[in-house]
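Below: the structure, in structure tokens.
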Amino acid sequence: MKRSTTKAQIFCIALILIASFSFAQQITFDYVCPAPGSKYLNPEQNIILNTSASFDQDVLSDAYFNIRGSKSGINNFELLLSEDRRTLLINPTQKFRLDEEIFVIVDGLQTANGRIIQRIDLNFFIKEK
């Protein structure tokens with residue numbers, strides 16, 4: 001008995017492969033400020049993250065972000081989305097402490113079209129004086 005593949009079956013398989021490939025791909029931030037490992041930053045330093053994909057303001061949440069100082073502990077912040085919806089501005093509500101290392105984790109964040117942003121772990125250093 002011969003098996004034949006119909007055009008509809010091929011089309012369905014192609015759609016499944018394309019969909020699984022596009023949603024499985026994680027994207028990264030194109031711009032991160034401060035750069036990981038930066039030193040001698042001011043205590044008022046904010047964090048800027050930019051990607052080529054846009055974000056949906058309605059699903060952005062502080063829960064995707066963790067900002068911790070080696071001296072100050074967990075830091076609260078204000079999260080803002082730029083007009084083009086591609087840049088996240090993270091403004092700590094209090095200054096970081098002098099001579100402190102800051103650790104930032106962003107995990108589980110998704111773009112407006114559902115693509116997952118690759119987890120980012122970065123650290124930077126606040127100046128001593």
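By convention here, the chains of the structure tokens are called A, B, ... in the order presented, each chain's residues are numbered starting at 1, and ligands are numbered starting at 1 in the order presented.
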*asked:* Just want the 12 Å neighbourhood of A:Val106, counted on only C-alpha atoms, with same-chain residues fewer than 2 positions away dropped. Output as a ChimeraX atom specification.
replied: /A:28-29,32,47-49,60-68,88,90,103-104,108-110,116-123
Go ahead and dump the residues you just picked, N, CA and C atoms, as an mmCIF file, in the first residue's frame.
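Wrote out-v9.cif, looks like this:
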```
data_model
loop_
_atom_site.group_PDB
_atom_site.id
_atom_site.type_symbol
_atom_site.label_atom_id
_atom_site.label_comp_id
_atom_site.auth_asym_id
_atom_site.auth_seq_id
_atom_site.Cartn_x
_atom_site.Cartn_y
_atom_site.Cartn_z
ATOM 1 N N THR A 28 17.269 38.919 22.457
ATOM 2 C CA THR A 28 18.069 39.553 23.490
ATOM 3 C C THR A 28 17.878 41.061 23.446
ATOM 4 N N PHE A 29 18.325 41.715 24.480
ATOM 5 C CA PHE A 29 18.328 43.169 24.478
ATOM 6 C C PHE A 29 19.444 43.639 23.551
ATOM 7 N N VAL A 32 22.060 47.743 26.485
ATOM 8 C CA VAL A 32 21.969 47.637 27.942
ATOM 9 C C VAL A 32 22.851 48.726 28.543
ATOM 10 N N ILE A 47 18.716 52.310 34.800
ATOM 11 C CA ILE A 47 19.005 51.178 33.920
ATOM 12 C C ILE A 47 18.135 51.322 32.684
ATOM 13 N N ILE A 48 18.751 51.152 31.519
ATOM 14 C CA ILE A 48 18.041 51.275 30.249
ATOM 15 C C ILE A 48 18.235 49.985 29.466
ATOM 16 N N LEU A 49 17.132 49.417 29.001
ATOM 17 C CA LEU A 49 17.158 48.188 28.214
ATOM 18 C C LEU A 49 16.359 48.405 26.939
ATOM 19 N N LEU A 60 3.524 44.499 31.198
ATOM 20 C CA LEU A 60 4.780 44.767 31.904
ATOM 21 C C LEU A 60 4.526 44.773 33.400
ATOM 22 N N SER A 61 5.430 44.155 34.125
ATOM 23 C CA SER A 61 5.263 44.041 35.575
ATOM 24 C C SER A 61 6.622 44.092 36.254
ATOM 25 N N ASP A 62 6.655 44.649 37.443
ATOM 26 C CA ASP A 62 7.880 44.669 38.241
ATOM 27 C C ASP A 62 8.366 43.257 38.562
ATOM 28 N N ALA A 63 7.482 42.283 38.490
ATOM 29 C CA ALA A 63 7.819 40.915 38.865
ATOM 30 C C ALA A 63 8.918 40.309 37.982
ATOM 31 N N TYR A 64 9.131 40.830 36.798
ATOM 32 C CA TYR A 64 10.158 40.311 35.892
ATOM 33 C C TYR A 64 11.548 40.848 36.213
ATOM 34 N N PHE A 65 11.641 41.788 37.140
ATOM 35 C CA PHE A 65 12.879 42.503 37.420
ATOM 36 C C PHE A 65 13.292 42.327 38.871
ATOM 37 N N ASN A 66 14.591 42.147 39.089
ATOM 38 C CA ASN A 66 15.133 42.072 40.432
ATOM 39 C C ASN A 66 16.384 42.938 40.456
ATOM 40 N N ILE A 67 16.393 43.936 41.320
ATOM 41 C CA ILE A 67 17.538 44.824 41.469
ATOM 42 C C ILE A 67 17.962 44.766 42.924
ATOM 43 N N ARG A 68 19.214 44.354 43.130
ATOM 44 C CA ARG A 68 19.709 44.158 44.498
ATOM 45 C C ARG A 68 21.084 44.790 44.637
ATOM 46 N N LEU A 88 12.940 50.093 27.804
ATOM 47 C CA LEU A 88 12.506 50.079 29.195
ATOM 48 C C LEU A 88 13.449 50.950 30.011
ATOM 49 N N ILE A 90 14.378 51.890 33.857
ATOM 50 C CA ILE A 90 14.215 51.433 35.232
ATOM 51 C C ILE A 90 14.874 52.461 36.125
ATOM 52 N N PHE A 103 23.300 44.285 41.384
ATOM 53 C CA PHE A 103 22.985 43.100 40.589
ATOM 54 C C PHE A 103 21.587 43.269 40.004
ATOM 55 N N VAL A 104 21.454 43.041 38.710
ATOM 56 C CA VAL A 104 20.165 43.181 38.025
ATOM 57 C C VAL A 104 19.856 41.874 37.305
ATOM 58 N N GLY A 108 11.887 36.181 32.281
ATOM 59 C CA GLY A 108 10.486 35.865 31.981
ATOM 60 C C GLY A 108 9.757 36.931 31.188
ATOM 61 N N LEU A 109 10.441 37.984 30.822
ATOM 62 C CA LEU A 109 9.828 39.094 30.094
ATOM 63 C C LEU A 109 9.505 38.686 28.660
ATOM 64 N N GLN A 110 8.352 39.115 28.165
ATOM 65 C CA GLN A 110 7.935 38.805 26.798
ATOM 66 C C GLN A 110 7.631 40.081 26.024
ATOM 67 N N ILE A 116 9.906 35.549 23.896
ATOM 68 C CA ILE A 116 10.548 35.626 25.200
ATOM 69 C C ILE A 116 11.898 36.325 25.064
ATOM 70 N N ILE A 117 12.139 37.254 25.980
ATOM 71 C CA ILE A 117 13.433 37.921 26.049
ATOM 72 C C ILE A 117 14.365 37.036 26.871
ATOM 73 N N GLN A 118 15.542 36.768 26.344
ATOM 74 C CA GLN A 118 16.513 35.944 27.050
ATOM 75 C C GLN A 118 16.866 36.583 28.391
ATOM 76 N N ARG A 119 16.928 35.764 29.423
ATOM 77 C CA ARG A 119 17.275 36.240 30.767
ATOM 78 C C ARG A 119 18.573 37.030 30.710
ATOM 79 N N ILE A 120 18.608 38.109 31.460
ATOM 80 C CA ILE A 120 19.824 38.910 31.544
ATOM 81 C C ILE A 120 20.221 39.051 33.003
ATOM 82 N N ASP A 121 21.491 38.815 33.269
ATOM 83 C CA ASP A 121 22.091 39.020 34.582
ATOM 84 C C ASP A 121 23.220 40.020 34.377
ATOM 85 N N LEU A 122 23.149 41.141 35.050
ATOM 86 C CA LEU A 122 24.248 42.092 34.929
ATOM 87 C C LEU A 122 24.565 42.687 36.285
ATOM 88 N N ASN A 123 25.768 43.172 36.374
ATOM 89 C CA ASN A 123 26.182 43.860 37.588
ATOM 90 C C ASN A 123 26.954 45.109 37.207
#
```
*Can you list, as a PyMOL selection string, all residues belonging to chain A that DSSP tags as strand (DSSP E)?*
chain A and resi 31-33+47-50+65-69+73-74+77-81+87-92+101-106+120-125
_So that I can see what lies close to A:Arg85, please list as a VMD selection string the residues with an atom at most 10 Å from it, counting only C-alpha atoms and leaving out residues fewer than 6 positions away in the same chain._
chain A and resid 50 to 57 111 to 112
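Secondary structure from DSSP on the backbone puts helix (DSSP H, G or I) at the following positions of chain A: Lys7, Ala8, Gln9, Ile10, Phe11, Cys12, Ile13, Ala14, Leu15, Ile16, Leu17, Ile18, Ala19, Ser20, Phe21, Ser22, Phe23, Ala24, Gln57, Asp58, Val59, Asp62, Ala63 and Tyr64 of chain A.
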*Expressed in Å to a single decimal, how great is the separation between atom CA of A:Asn76 and atom CA of A:Gln94?*
7.5 Å
*asked:* List as a list in words the protein and nucleic acid residues near A:Gly37, meaning an atom at most 10 Å away when only C-alpha atoms are counted, but skip any in the same chain fewer than 2 places from it.
replied: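 Using only C-alpha atoms, the neighbours found are Pro34, Ala35, Lys39, Glu101, Ile102, Phe103, Leu122, Asn123, Phe124 and Phe125 of chain A.
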*Could you check which of A:Ser70, A:Asn113, A:Gln26, A:Asn46 is closest to A:Leu89, using only C-alpha atoms?*
A:Asn46
